[in-house]
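Visitor: Sharing a structure below in structure tokens format, with a few things to ask.
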Amino acid sequence: DDMNHQGMGPNSNLMLSHYFPQYLAYIVFGLKINIWSCITFYDIIFSFQSGEGEILETLHNIGSKNKIWRSYIGMGYYNCSVPQAIVRNLLENAGWVTQYTPYQPEVSQGRLESLLNYQTMVCDMTGMEVANASLLDEGTAAAEAMQLCHRHNKRRKFYVDVRCHPQTRAVVQTRANYTGVVIELKLPHEMDFSGKDISGVLFQYPDTEGKVEDFTDLVDRAHQNGTLVCCATDLLALCLLKPPGEFGVDVALGSSQRFGVPLYYGGPHAAFFAVKENLVRLMPGRMVGVTRDANGKEVYRLALQTREQHIRRDKATSNICTAQALLANMAAMYGVYHGSNGLKHIARRVHNATLILAEGLKRAGHTLQHDLFFDTLKIQCGCEVKEVFDRASQRKINLRIYSDGKIGVSLDETVSERDLDDLLWIFGCESSAELVAESMGEETRGILSTAFKRTSKFLTHQVFNSYHSETNIVRYMKRLENKDISLVHSMIPLGSCTMKLNSSSELTPITWKEFANIHPFVPLDQAQGYQQLFKELERDLCEITGYDKISFQPNSGAQGEYAGLAAIKAYLNAKGEHHRSVCLIPKSAHGTNPASAQMAGMKIQPVEVDKNGSIDIAHLKAMVEKHKDNLAAIMITYPSTNGVFEEEISDVCDLIHKHGGQVYLDGANMNAQVGLCRPGDYGSDVSHLNLHKTFCIPHGGGGPGMGPIGVKSHLAPYLPTHPVVALQLDADASPLGTISAAPWGSSAILPISWAYIKMMGGKGLKHASEIAILNANYMAKRLEKHYKVLFRGARGYVAHEFILDTRPFKKTANVEAVDVAKRLQDYGFHAPTMSWPVAGTLMIEPTESEDKAELDRFCDAMINIRQEIAEIEEGRMDSTINPLKMSPHTLTCITSPNWDRPYSREVAAFPLPFVKPESKFWPTIARIDDIYGDQHLVCTCPPMEVYESPFSEQKRATS
Ligand SMILES: *Cc1c(COP(=O)(O)O)cnc(C)c1O
């Protein structure tokens with residue numbers, strides 16, 4: 001016990017590590033041996049060797065190889081001033097970054113409110129009716145729009161305006177290739193809808209050349225022929241421009257990066273997606289809605305979950321699971337902080353700077369391609385282009401070069417007078433910005449003097465008009481933070497989601513300018529630090545997984561699945577085996593598996609699971625035999641989704657290979673394998689790795705994530721490419737297409753995984769897996785006397801997670817998994833994974849990050865809850881009014897003057913001694929009413945009456 005201390009500096013991932021051998025022996029073999037006999041002096045010295053300081057210094061040296069030039073490249077990525085109040089109190093705050101996706105609304109009201117602010121902001125800015133709580137990036141959002149149209153009217157052709165960003169076109173094109181949609185690239189006047197065979201049309205406003213154009217006619221023509229209209233757009237431009245919702249579009253999408261999120265060498269950033277009301281049930285991604293709780297109070301929760309993969313599987317509206325919640329929250333806070341006037345001011349400043357630059361350029365003899373623009377100019381040079389670029393590099397400035405040789409400049413909110421002077425100088429203009437501006441006069445008002453000027457109001461809701469001072473915004477963020485359970489409170493034992501420590505040292509570099517302030521499309525020689533980091537991380541991940549090559553492009557696990565399956569398809573096609581399209585997926589698979597296979601154009605065939613939770617081998621064999629001529633792949637999870645190391649895994653891989661198929665191994669469970677076994681060794685061909693699970697990227701309350709894929713060498717030639725940045729591909733490359741908008745996905749969070757691996761080292765990583773498995777077995781052992789542990793391996797052990805069967809209590813006590821989940825909140829815990837992979841059960845994954853005391857507290861809570869169930873079973877407690885059914889208990893409930901329940905207030909709120917008044921986490925609302933919310937869908941901020949004043953809660957708490 002004396003070793004059972006908290007936090008061990010660099011080895012804080014390994015809080016149990018120092019008594020691991022004794023602990024293991026005790027649990028597994030029932031032996032008790034002296035702890036010190038297992039820990040040598042060498043171990044102790046060694047464990048303090050790879051210091052956090054040293055790792056950060058190395059990482060800083062790598063980062064300093066990135067050259068931070070001023071980039072005016074645009075293309076969906078802009079510099080911005082990230083408010084320091086948001087950096088410190090949200091981005092760098094574990095209370096905002098370590099939460100899980102808000103599936104338990106009673107302990108998630110803070111980020112749910114913030115995400116609702118995001119949705120409201122997006123609706124207001126775009127003029128649309130409903131928005132979701134973020135997608136991965138602008139390119140994938142556009143691909144989702146294309147798929148939404150296809151799902152809506154089943155037509156096969158989709159028009160894309162050639163003046164969309166090149167990466168948007170590439171991502172849409174790739175997605176279309178695999179889903180069987182035909183993309184036609186055209187200019188609006190070439191688009192003919194009269195055949196009534198066009199599913200949808202996508203254009204960009206303002207377009208990639210900066211032009212602001214009137215699309216009213218195009219929208220009308222499309223609608224007359226049953227075609228849906230999708231508009232990629234820019235939130236800052238919409239502060240001044242008529243929003244797309246006002247000229248009839250059906251879907252508006254884009255990136256909210258420039259609302260206070262750094263460039264990050266491509267990500268993570270939140271994409272937004274908004275639709276007309278009639279399309280809401282087809283909308284991809286998560287959506288926050290308003291509903292009521294058991295007391296009738298208006299509250300927030302995720303709406304319309306039944307559209308998602310967990311339920312709809314291959315018929316889901318998309319495979320999006322992890323999105324970009326944290327970045328959406330940053331953007332929302334930026335909106336809350338600035339409000340409508342602040343944003344208008346920023347937008348006007350950007351536009352005015354662009355007008356000044358445009359005027360200066362014209363005077364210097366250059367020609368502008370377009371007269372109407374917001375922040376982007378396309379320039380036909382009056383001199384040698386090379387001259388301009390030479391001068392730009394003297395000033396360390398990046399410009400865009402179009403494929404036709406013209407130059408692009410995109411300005412942003414950081415542009416100062418000096419920046420404008422430099423730009424004018426680069427283009428050979430002899431005047432300063434000040435002189436140009438002085439001579440321009442009042443009449444130059446750009447788009448504000450045209451019909452494009454926005455006349456409608458936005459962000460009128462009180463939340464966007466209350467927190468414009470730092471004092472207030474900081475208190476607002478803290479108030480929301482305090483409503484959410486995160487890893488700063490207690491363990492989040494989510495099976496399959498691996499909520500482990502996200503250490504401070506790993507997270508520190510996220511705000512270093514060397515990693516944050518770099519545009520994804522700069523020349524590679526300016527990003528040598530990132531390139532080195534990618535190479536090192538690739539090498540490490542290959543060693544860990546047994547694969548030969550890694551692609552960092554997929555920016556979530558589900559995107560990795562789609563990318564990996566697309567690589568398989570591309571490989572089979574190249575072999576002339578186009579007909580191979582059947583994908584076998586066990587029924588226990590994560591819902592994203594079938595949803596992704598669907599996106600990759602495969603035909604899904606389910607495989608049964610046997611009573612031990614493993615793949616039913618007899619059924620698998622029959623299915624392989626039946627589909628052998630068309631077999632493309634199997635998607636499996638190992639250890640199985642049921643938390644068991646299946647002993648037949650190699651045989652399964654062999655069987656598939658023998659029949660011409662490929663093995664996709666879902667890598668979500670790497671936390672049970674790192675250092676112990678490698679997918680590449682036991683027969684898998686490709687996996688995604690959830691870096692936001694096993695490799696320490698925080699969950700962010702629903703993103704960011706990274707889902708790079710590892711492949712065996714035969715699949716390497718098919719890995720993704722990028723239309724803007726030439727990736728270094730091998731000579732035999734035949735890429736599957738483009739998966740994400742940015743070449744290396746969400747680059748800026750890769751240092752987290754890099755630092756984790758480097759700090760742990762081979763020995764530490766293996767040790768972590770062992771402790772993760774040990775912790776799960778310890779908990780399963782403690783709990784097995786009280787609950788049935790559903791599946792175990794042949795030797796009686798579970799892997800790194802296990803399932804508790806709560807189904808019997810339905811009959812014996814009218815108690816369901818959800819009641820146990822909500823009751824855990826009264827003990828200060830977030831629920832385990834509920835009803836997956838087996839309905840009516842709970843799946844627990846402790847990870848290696850929790851010490852024994854925390855594991856015991858959680859077990860104590862579960863055991864106590866079992867006793868509460870027993871009281872109901874034995875008739876000593878009412879079967880409808882009891883601590884489980886009435887949970888969670890809020891402070892309001894506990895302090896209400898009338899208490900007429902058959903159990904005490906103490907039992908309700910302080911059920912065990914470790915739940916103490918001074919450290920109690922209070923759920924802020926009572927049990928959620930999901931059905932009501934889905935029947936009365938409201939997905940923007942409700943009117944003010946339901947808001948409390950910032951002080952009312954405090955008053956109640958102290959009165
Ligand atoms: C988390 C998870 C995924 C999906 O990953 P996202 O990043 O959320 O898209 C897929 N499969 C399994 C087994 C998972 O646990």
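Residues in the structure tokens are named by chain (A, B, ... in the order shown) and by number from 1 within that chain; ligands are numbered from 1 in the order shown.
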Neighbours of ligand 1 at 10 Å or closer, counting only C-alpha atoms and all ligand atoms: which residues, as JSON, numbers by chain?
Guide: {"A": [101, 319, 320, 321, 322, 323, 494, 495, 496, 497, 498, 554, 555, 556, 557, 558, 559, 560, 561, 562, 588, 589, 590, 591, 592, 593, 596, 636, 637, 638, 639, 640, 641, 665, 666, 667, 668, 669, 670, 688, 689, 690, 691, 692, 693, 699, 702, 703, 704, 705, 706, 707, 708, 837]}
Visitor: So which bits of range 792-836 of chain A end up strand (DSSP E) when you DSSP the backbone, as a VMD selection string?
Guide: chain A and resid 802 to 805 833 to 834
Visitor: Please save N, CA and C atoms of the selected residues as a compact mmCIF listing (two decimals), in the first residue's frame.
Guide:
```
# COMPACT_ATOMS: atom_id res chain seq x y z
N PHE A 802 -14.58 -5.87 -19.79
CA PHE A 802 -15.48 -7.00 -19.55
C PHE A 802 -16.90 -6.49 -19.44
N ILE A 803 -17.83 -7.43 -19.61
CA ILE A 803 -19.25 -7.06 -19.64
C ILE A 803 -19.95 -7.61 -18.40
N LEU A 804 -20.71 -6.76 -17.74
CA LEU A 804 -21.55 -7.20 -16.63
C LEU A 804 -22.98 -7.33 -17.12
N ASP A 805 -23.58 -8.43 -16.78
CA ASP A 805 -24.94 -8.69 -17.26
C ASP A 805 -25.95 -8.13 -16.26
N THR A 833 -19.85 1.74 -20.72
CA THR A 833 -20.56 1.63 -21.99
C THR A 833 -21.84 0.83 -21.79
N MET A 834 -22.93 1.40 -22.28
CA MET A 834 -24.24 0.83 -21.98
C MET A 834 -24.84 0.15 -23.20
```
Visitor: For range 602-617 of chain A, find every residue with an atom within 9 Å (counting only C-alpha atoms), except residues of its own chain fewer than 4 positions away, and show them as a ChimeraX atom specification.
Guide: /A:178-179,314,565,569,580-588,594,596-598,621-623,632-633,636,640-646,648,652,790-793
Visitor: Could you check which of A:Ala567, A:Ala347, A:Ile656, A:Val288 is closest to Asp234 in chain A, using only C-alpha atoms?
Guide: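 Residue with the minimum atom-to-atom distance to Asp234 in chain A: A:Ala347.
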Visitor: Neighbours of Pro83 in chain A within 12 Å (only C-alpha atoms; same-chain residues fewer than 3 positions away dropped), as a list of chain:residue names?
Guide: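 Within the cut-off, the hits are A:Cys80, A:Ile86, A:Val87, A:Arg88, A:Asn89, A:Leu90, A:Leu91, A:Arg258, A:Phe259, A:Gly260, A:Val261, A:Pro262, A:Met330, A:Ala331, A:Met333, A:Tyr334, A:Gly335, A:Val336, A:Tyr337, A:His338, A:Thr414, A:His468, A:Ser469, A:Glu470, A:Ile473, A:Val474.
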Visitor: Pull the helix (DSSP H, G or I) assignments for range 278-495 of chain A out of DSSP run on the backbone, and list those residues as a PyMOL selection string.
Guide: chain A and resi 278-282+305-307+309-315+325-363+385-394+417-426+433-440+446-449+462-465+470-481
Visitor: For Gly875 in chain A, which residue among A:Leu59, A:Ala437, A:Ala813, A:Met862 is the nearest when counting only C-alpha atoms?
Guide: A:Ala813
Visitor: Just want the 8 Å neighbourhood of Trp754 in chain A, counted on only C-alpha atoms, with same-chain residues fewer than 5 positions away dropped. Output as an NGL selection string.
Guide: :A and (533 or 536-537)
Visitor: Compile the contact shell of Arg782 in chain A as number ranges by chain: residues with an atom at most 9 Å away, counting only C-alpha atoms, same-chain residues fewer than 6 positions apart removed.
Guide: A: 856, 859, 863
Visitor: Ala768 in chain A: which residues within 9 Å, counting only C-alpha atoms, same-chain residues fewer than 4 positions away excluded, as an NGL selection string?
Guide: :A and (13-14 or 17 or 671-672 or 674-675 or 760 or 763-764 or 772-773 or 847-849)
Visitor: Suppose we keep C-alpha atoms; can you now write the selection as a PDB file, in the first residue's frame?
Guide:
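So the final result, stored in result.pdb, reads:
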```
ATOM      1  CA  ASN A  13       0.461   6.523 -16.893  1.00  0.00           C
ATOM      2  CA  LEU A  14       1.710   3.721 -14.756  1.00  0.00           C
ATOM      3  CA  SER A  17       3.591  -0.083 -12.228  1.00  0.00           C
ATOM      4  CA  ASN A 671      -4.752  -0.926 -25.394  1.00  0.00           C
ATOM      5  CA  ALA A 672      -4.907  -4.634 -24.666  1.00  0.00           C
ATOM      6  CA  VAL A 674       0.568  -2.883 -27.364  1.00  0.00           C
ATOM      7  CA  GLY A 675       3.827  -4.656 -26.576  1.00  0.00           C
ATOM      8  CA  MET A 760       6.814   5.176 -22.081  1.00  0.00           C
ATOM      9  CA  LYS A 763       9.074  -1.543 -21.766  1.00  0.00           C
ATOM     10  CA  GLY A 764       6.609   0.984 -20.415  1.00  0.00           C
ATOM     11  CA  ALA A 772      -4.764  -2.529 -18.249  1.00  0.00           C
ATOM     12  CA  ILE A 773      -5.534  -6.243 -18.532  1.00  0.00           C
ATOM     13  CA  THR A 847      -7.328   1.205 -18.355  1.00  0.00           C
ATOM     14  CA  GLU A 848      -3.910   1.245 -16.726  1.00  0.00           C
ATOM     15  CA  SER A 849      -4.272   4.848 -15.576  1.00  0.00           C
TER      16      SER A 849
END
```
Visitor: My list of candidates is A:Ser753, A:Gln526, A:Thr460, A:Gln119. Which is closest to Trp69 in chain A when distances are computed with only C-alpha atoms?
Guide: A:Gln526
Visitor: For the atom pair CA of Cys381 in chain A and CA of Leu424 in chain A, what is the interatomic distance in Å to one decimal place?
Guide: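 These two atoms are separated by 12.8 Å.
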Visitor: Would you tabulate, counting only C-alpha atoms, all residues of range 442-508 of chain A that have an atom at most 10 Å from an atom of range 193-214 of chain A, showing the closest pair of atoms and their distance in Å to one decimal, sorted by chain then ascending number, as a Markdown table?
Guide:
```
| residue | atom | partner | partner_atom | distance |
| --- | --- | --- | --- | --- |
| A:Ile447 | CA | A:Val212 | CA | 8.5 |
| A:Ala451 | CA | A:Asp214 | CA | 9.3 |
| A:Phe452 | CA | A:Asp214 | CA | 8.0 |
```
Visitor: Measure the distance from CA of Gly683 in chain A to CA of Gly762 in chain A in Å and round it to one decimal.
Guide: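 One can read the CA of Gly683 in chain A to CA of Gly762 in chain A distance as 22.2 Å.
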Visitor: Which residue gives the smallest distance to Tyr787 in chain A among A:Ile649, A:Leu774, A:Leu842, A:Val182, with only C-alpha atoms counted?
Guide: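 Among the listed residues, the smallest separation from Tyr787 in chain A belongs to A:Leu842.
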